[in-house]
Amino acid sequence: GRYWIRTSDPFRVKEVRYRCANRPVVEKLTPWLAASPGPSNKEPPQGRMEPCCPQAVRQVDVLIVGGGVSGAALLFCLARYTDLGSLLLLEKEPQLAAINSKATNNSQTIHCGDIETNYTLEKALKVKRRADMLVRYGQLLAEPERQKVLFSFPKMVLGVGANECRFLRQRFQQFSAHFPAMELLEAEAIARWEPAVALLEGQPRQEELVAIGIAHSASAVDYRALTESFVAQAQAAVAGGPRQLDLQLNCKVEQIQPQGEGFLVRALSLIHIS
């Protein structure tokens with residue numbers, strides 16, 4: 001296999017690739033790298049190099065590339081709802097959900113189809129079905145874990161003026177049968193929910209107001225916590241049985257080639273030097 005070593009910028013070497021025999025190896029490595037810019041006579045301390053994946057070639061039933069929320073969700077579904085014997089998830093970063101699924105890299109919104117006014121009813125029902133799946137998944141979790149993953153907040157879409165108010169009233173008539181928690185809020189109700197929206201200096205605003213609101217709904221999610229939860233639940237689903245489920249972090253897929261009825265995947269493992 002090939003093992004991939006990254007060095008920090010002070011070493012002035014971006015990456016080194018090391019070839020080894022097709023067997024488990026533990027090698028001593030004395031890097032010829034200076035610890036600071038410019039020439040140096042100091043020899044860095046010796047390091048230890050260990051492969052993340054000892055086997056040169058490994059066969060699995062399903063290989064999932066990417067440890068974000070989508071890859072972790074697929075891992076959970078395959079572990080819990082199939083009898084596949086071996087599952088492997090590879091993630092190039094040192095932790096799960098480090099890029100798009102990281103909490104600071106997305107809006108953390110659960111779109112339910114109820115207050116998204118650009119959705120047709122057909123699209124809203126499709127989105128609702130997917131959002132409901134996430135809420136049902138939360139029911140599998142113990143309360144402390146669920147509170148780290150899913151968050152409930154009141155939410156509303158506000159109409160101001162005759163045209164917008166007419167639109168929302170029509171939309172409520174069309175959508176409310178499919179979204180039982182949906183409420184039509186007139187100005188007085190809006191003032192109870194959001195006084196700063198409906199009142200001006202303590203008095204009702206002059207504009208016509210109406211809103212569609214949902215008082216209690218899972219409306220936000222921490223996608224990193226959800227990703228970690230999916231993986232933990234997948235591991236629990238196969239624990240104690242003959243099925244194998246493995247997670248390899250710091251493992252970057254370099255090439256995927258069709259081979260027979262499957263695929264040959266080549267990956268580089270990030271090696272830590274200590």
# chains A, B, ... in the order shown; residues from 1 in each chain; ligands from 1
>>> residues_around(residues="Gln203 (chain A)", least_positions_apart="5", cutoff="12 Å", atoms="only C-alpha atoms", output="VMD selection string")
chain A and resid 187 to 188 191 195 to 198
>>> residues_around(residues="Ala97 (chain A)", least_positions_apart="5", cutoff="12 Å", atoms="only C-alpha atoms", output="list of chain:residue names")
A:Gly66, A:Gly67, A:Gly68, A:Val69, A:Ser70, A:Gly71, A:Ala72, A:Ala73, A:Leu90, A:Glu91, A:Lys92, A:Lys102, A:Ala103, A:Thr104, A:Asn105, A:Asn106, A:Asp222, A:Tyr223, A:Arg224, A:Ala225, A:Leu226, A:Thr227, A:Glu228, A:Ser229, A:Phe230, A:Val231, A:Leu249
>>> select_by_dssp(residues="region 22-201 of chain A", states="alpha helix (DSSP H)", output="PyMOL selection string")
chain A and resi 69-81+121-138+143-149+162-175+187-193+195-198
>>> residues_around(residues="region 210-213 of chain A", least_positions_apart="3", cutoff="9 Å", atoms="only C-alpha atoms", output="PyMOL selection string")
chain A and resi 114-115+154-161+164-166+168-169+171-172+181-187+189-190
>>> atom_distance(atom1="CA of Arg130 (chain A)", atom2="CA of Leu75 (chain A)")
17.1 Å
>>> residues_around(residues="region 132-135 of chain A", least_positions_apart="6", cutoff="10 Å", atoms="only C-alpha atoms", output="MDAnalysis selection string")
chainID A and resid 110 112 146 150 217:219 221 226
>>> select_by_dssp(residues="region 30-239 of chain A", states="strand (DSSP E or B)", output="count of residues only")
41
>>> atom_distance(atom1="CA of Ala131 (chain A)", atom2="CA of His111 (chain A)")
6.8 Å
>>> closest_residue(among="A:Phe153, A:Phe175, A:Trp193, A:Phe167", to="His216 (chain A)", atoms="only C-alpha atoms")
A:Phe153
>>> closest_residue(among="A:Val238, A:Pro180, A:Gln233, A:Gln248", to="Ala215 (chain A)", atoms="only C-alpha atoms")
A:Pro180
>>> atom_distance(atom1="CA of Leu121 (chain A)", atom2="CA of Asn163 (chain A)")
19.8 Å
>>> decode(residues="region 235-257 of chain A", atoms="N, CA, C and O atoms", output="PDB file, in the first residue's frame")
ATOM      1  N   GLN A 235     -22.941   1.317  14.407  1.00  0.00           N
ATOM      2  CA  GLN A 235     -22.053   0.401  15.136  1.00  0.00           C
ATOM      3  C   GLN A 235     -22.838  -0.440  16.132  1.00  0.00           C
ATOM      4  O   GLN A 235     -22.576  -1.638  16.287  1.00  0.00           O
ATOM      5  N   ALA A 236     -23.810   0.170  16.787  1.00  0.00           N
ATOM      6  CA  ALA A 236     -24.630  -0.581  17.742  1.00  0.00           C
ATOM      7  C   ALA A 236     -25.462  -1.651  17.050  1.00  0.00           C
ATOM      8  O   ALA A 236     -25.708  -2.721  17.609  1.00  0.00           O
ATOM      9  N   ALA A 237     -25.869  -1.385  15.808  1.00  0.00           N
ATOM     10  CA  ALA A 237     -26.719  -2.331  15.079  1.00  0.00           C
ATOM     11  C   ALA A 237     -26.002  -3.627  14.746  1.00  0.00           C
ATOM     12  O   ALA A 237     -26.646  -4.672  14.603  1.00  0.00           O
ATOM     13  N   VAL A 238     -24.696  -3.582  14.593  1.00  0.00           N
ATOM     14  CA  VAL A 238     -23.944  -4.794  14.226  1.00  0.00           C
ATOM     15  C   VAL A 238     -23.161  -5.358  15.402  1.00  0.00           C
ATOM     16  O   VAL A 238     -22.541  -6.423  15.270  1.00  0.00           O
ATOM     17  N   ALA A 239     -23.168  -4.675  16.526  1.00  0.00           N
ATOM     18  CA  ALA A 239     -22.373  -5.122  17.677  1.00  0.00           C
ATOM     19  C   ALA A 239     -22.819  -6.501  18.152  1.00  0.00           C
ATOM     20  O   ALA A 239     -24.009  -6.808  18.200  1.00  0.00           O
ATOM     21  N   GLY A 240     -21.850  -7.324  18.471  1.00  0.00           N
ATOM     22  CA  GLY A 240     -22.139  -8.647  19.009  1.00  0.00           C
ATOM     23  C   GLY A 240     -22.465  -9.705  17.986  1.00  0.00           C
ATOM     24  O   GLY A 240     -22.727 -10.854  18.341  1.00  0.00           O
ATOM     25  N   GLY A 241     -22.454  -9.351  16.697  1.00  0.00           N
ATOM     26  CA  GLY A 241     -22.754 -10.311  15.647  1.00  0.00           C
ATOM     27  C   GLY A 241     -21.583 -10.520  14.717  1.00  0.00           C
ATOM     28  O   GLY A 241     -20.503  -9.944  14.897  1.00  0.00           O
ATOM     29  N   PRO A 242     -21.765 -11.334  13.689  1.00  0.00           N
ATOM     30  CA  PRO A 242     -20.661 -11.639  12.768  1.00  0.00           C
ATOM     31  C   PRO A 242     -20.401 -10.545  11.733  1.00  0.00           C
ATOM     32  O   PRO A 242     -19.381 -10.591  11.044  1.00  0.00           O
ATOM     33  N   ARG A 243     -21.292  -9.592  11.609  1.00  0.00           N
ATOM     34  CA  ARG A 243     -21.132  -8.553  10.588  1.00  0.00           C
ATOM     35  C   ARG A 243     -20.015  -7.594  10.980  1.00  0.00           C
ATOM     36  O   ARG A 243     -19.773  -7.357  12.168  1.00  0.00           O
ATOM     37  N   GLN A 244     -19.356  -7.028   9.962  1.00  0.00           N
ATOM     38  CA  GLN A 244     -18.244  -6.105  10.195  1.00  0.00           C
ATOM     39  C   GLN A 244     -18.623  -4.703   9.738  1.00  0.00           C
ATOM     40  O   GLN A 244     -19.187  -4.520   8.658  1.00  0.00           O
ATOM     41  N   LEU A 245     -18.301  -3.730  10.554  1.00  0.00           N
ATOM     42  CA  LEU A 245     -18.493  -2.326  10.207  1.00  0.00           C
ATOM     43  C   LEU A 245     -17.267  -1.568  10.682  1.00  0.00           C
ATOM     44  O   LEU A 245     -16.925  -1.617  11.871  1.00  0.00           O
ATOM     45  N   ASP A 246     -16.610  -0.906   9.768  1.00  0.00           N
ATOM     46  CA  ASP A 246     -15.386  -0.185  10.111  1.00  0.00           C
ATOM     47  C   ASP A 246     -15.452   1.249   9.621  1.00  0.00           C
ATOM     48  O   ASP A 246     -16.056   1.553   8.579  1.00  0.00           O
ATOM     49  N   LEU A 247     -14.801   2.111  10.352  1.00  0.00           N
ATOM     50  CA  LEU A 247     -14.664   3.524  10.011  1.00  0.00           C
ATOM     51  C   LEU A 247     -13.184   3.855   9.947  1.00  0.00           C
ATOM     52  O   LEU A 247     -12.447   3.562  10.886  1.00  0.00           O
ATOM     53  N   GLN A 248     -12.731   4.433   8.827  1.00  0.00           N
ATOM     54  CA  GLN A 248     -11.345   4.847   8.688  1.00  0.00           C
ATOM     55  C   GLN A 248     -11.304   6.344   8.418  1.00  0.00           C
ATOM     56  O   GLN A 248     -11.751   6.807   7.366  1.00  0.00           O
ATOM     57  N   LEU A 249     -10.776   7.088   9.394  1.00  0.00           N
ATOM     58  CA  LEU A 249     -10.551   8.508   9.208  1.00  0.00           C
ATOM     59  C   LEU A 249      -9.165   8.733   8.606  1.00  0.00           C
ATOM     60  O   LEU A 249      -8.357   7.808   8.540  1.00  0.00           O
ATOM     61  N   ASN A 250      -8.897   9.944   8.163  1.00  0.00           N
ATOM     62  CA  ASN A 250      -7.600  10.267   7.550  1.00  0.00           C
ATOM     63  C   ASN A 250      -7.294   9.362   6.360  1.00  0.00           C
ATOM     64  O   ASN A 250      -6.145   8.988   6.140  1.00  0.00           O
ATOM     65  N   CYS A 251      -8.291   9.012   5.602  1.00  0.00           N
ATOM     66  CA  CYS A 251      -8.101   8.081   4.493  1.00  0.00           C
ATOM     67  C   CYS A 251      -8.733   8.687   3.237  1.00  0.00           C
ATOM     68  O   CYS A 251      -9.958   8.803   3.140  1.00  0.00           O
ATOM     69  N   LYS A 252      -7.898   9.095   2.309  1.00  0.00           N
ATOM     70  CA  LYS A 252      -8.345   9.820   1.118  1.00  0.00           C
ATOM     71  C   LYS A 252      -8.387   8.884  -0.085  1.00  0.00           C
ATOM     72  O   LYS A 252      -7.388   8.262  -0.442  1.00  0.00           O
ATOM     73  N   VAL A 253      -9.543   8.806  -0.725  1.00  0.00           N
ATOM     74  CA  VAL A 253      -9.692   7.988  -1.922  1.00  0.00           C
ATOM     75  C   VAL A 253      -9.004   8.685  -3.093  1.00  0.00           C
ATOM     76  O   VAL A 253      -9.269   9.851  -3.385  1.00  0.00           O
ATOM     77  N   GLU A 254      -8.113   7.965  -3.765  1.00  0.00           N
ATOM     78  CA  GLU A 254      -7.359   8.494  -4.892  1.00  0.00           C
ATOM     79  C   GLU A 254      -7.917   8.051  -6.239  1.00  0.00           C
ATOM     80  O   GLU A 254      -7.863   8.779  -7.216  1.00  0.00           O
ATOM     81  N   GLN A 255      -8.456   6.823  -6.267  1.00  0.00           N
ATOM     82  CA  GLN A 255      -8.879   6.277  -7.561  1.00  0.00           C
ATOM     83  C   GLN A 255      -9.945   5.208  -7.344  1.00  0.00           C
ATOM     84  O   GLN A 255      -9.873   4.420  -6.393  1.00  0.00           O
ATOM     85  N   ILE A 256     -10.950   5.200  -8.233  1.00  0.00           N
ATOM     86  CA  ILE A 256     -11.981   4.166  -8.229  1.00  0.00           C
ATOM     87  C   ILE A 256     -12.062   3.600  -9.642  1.00  0.00           C
ATOM     88  O   ILE A 256     -12.300   4.345 -10.600  1.00  0.00           O
ATOM     89  N   GLN A 257     -11.866   2.289  -9.766  1.00  0.00           N
ATOM     90  CA  GLN A 257     -11.874   1.637 -11.073  1.00  0.00           C
ATOM     91  C   GLN A 257     -12.853   0.464 -11.061  1.00  0.00           C
ATOM     92  O   GLN A 257     -12.854  -0.327 -10.113  1.00  0.00           O
TER      93      GLN A 257
END
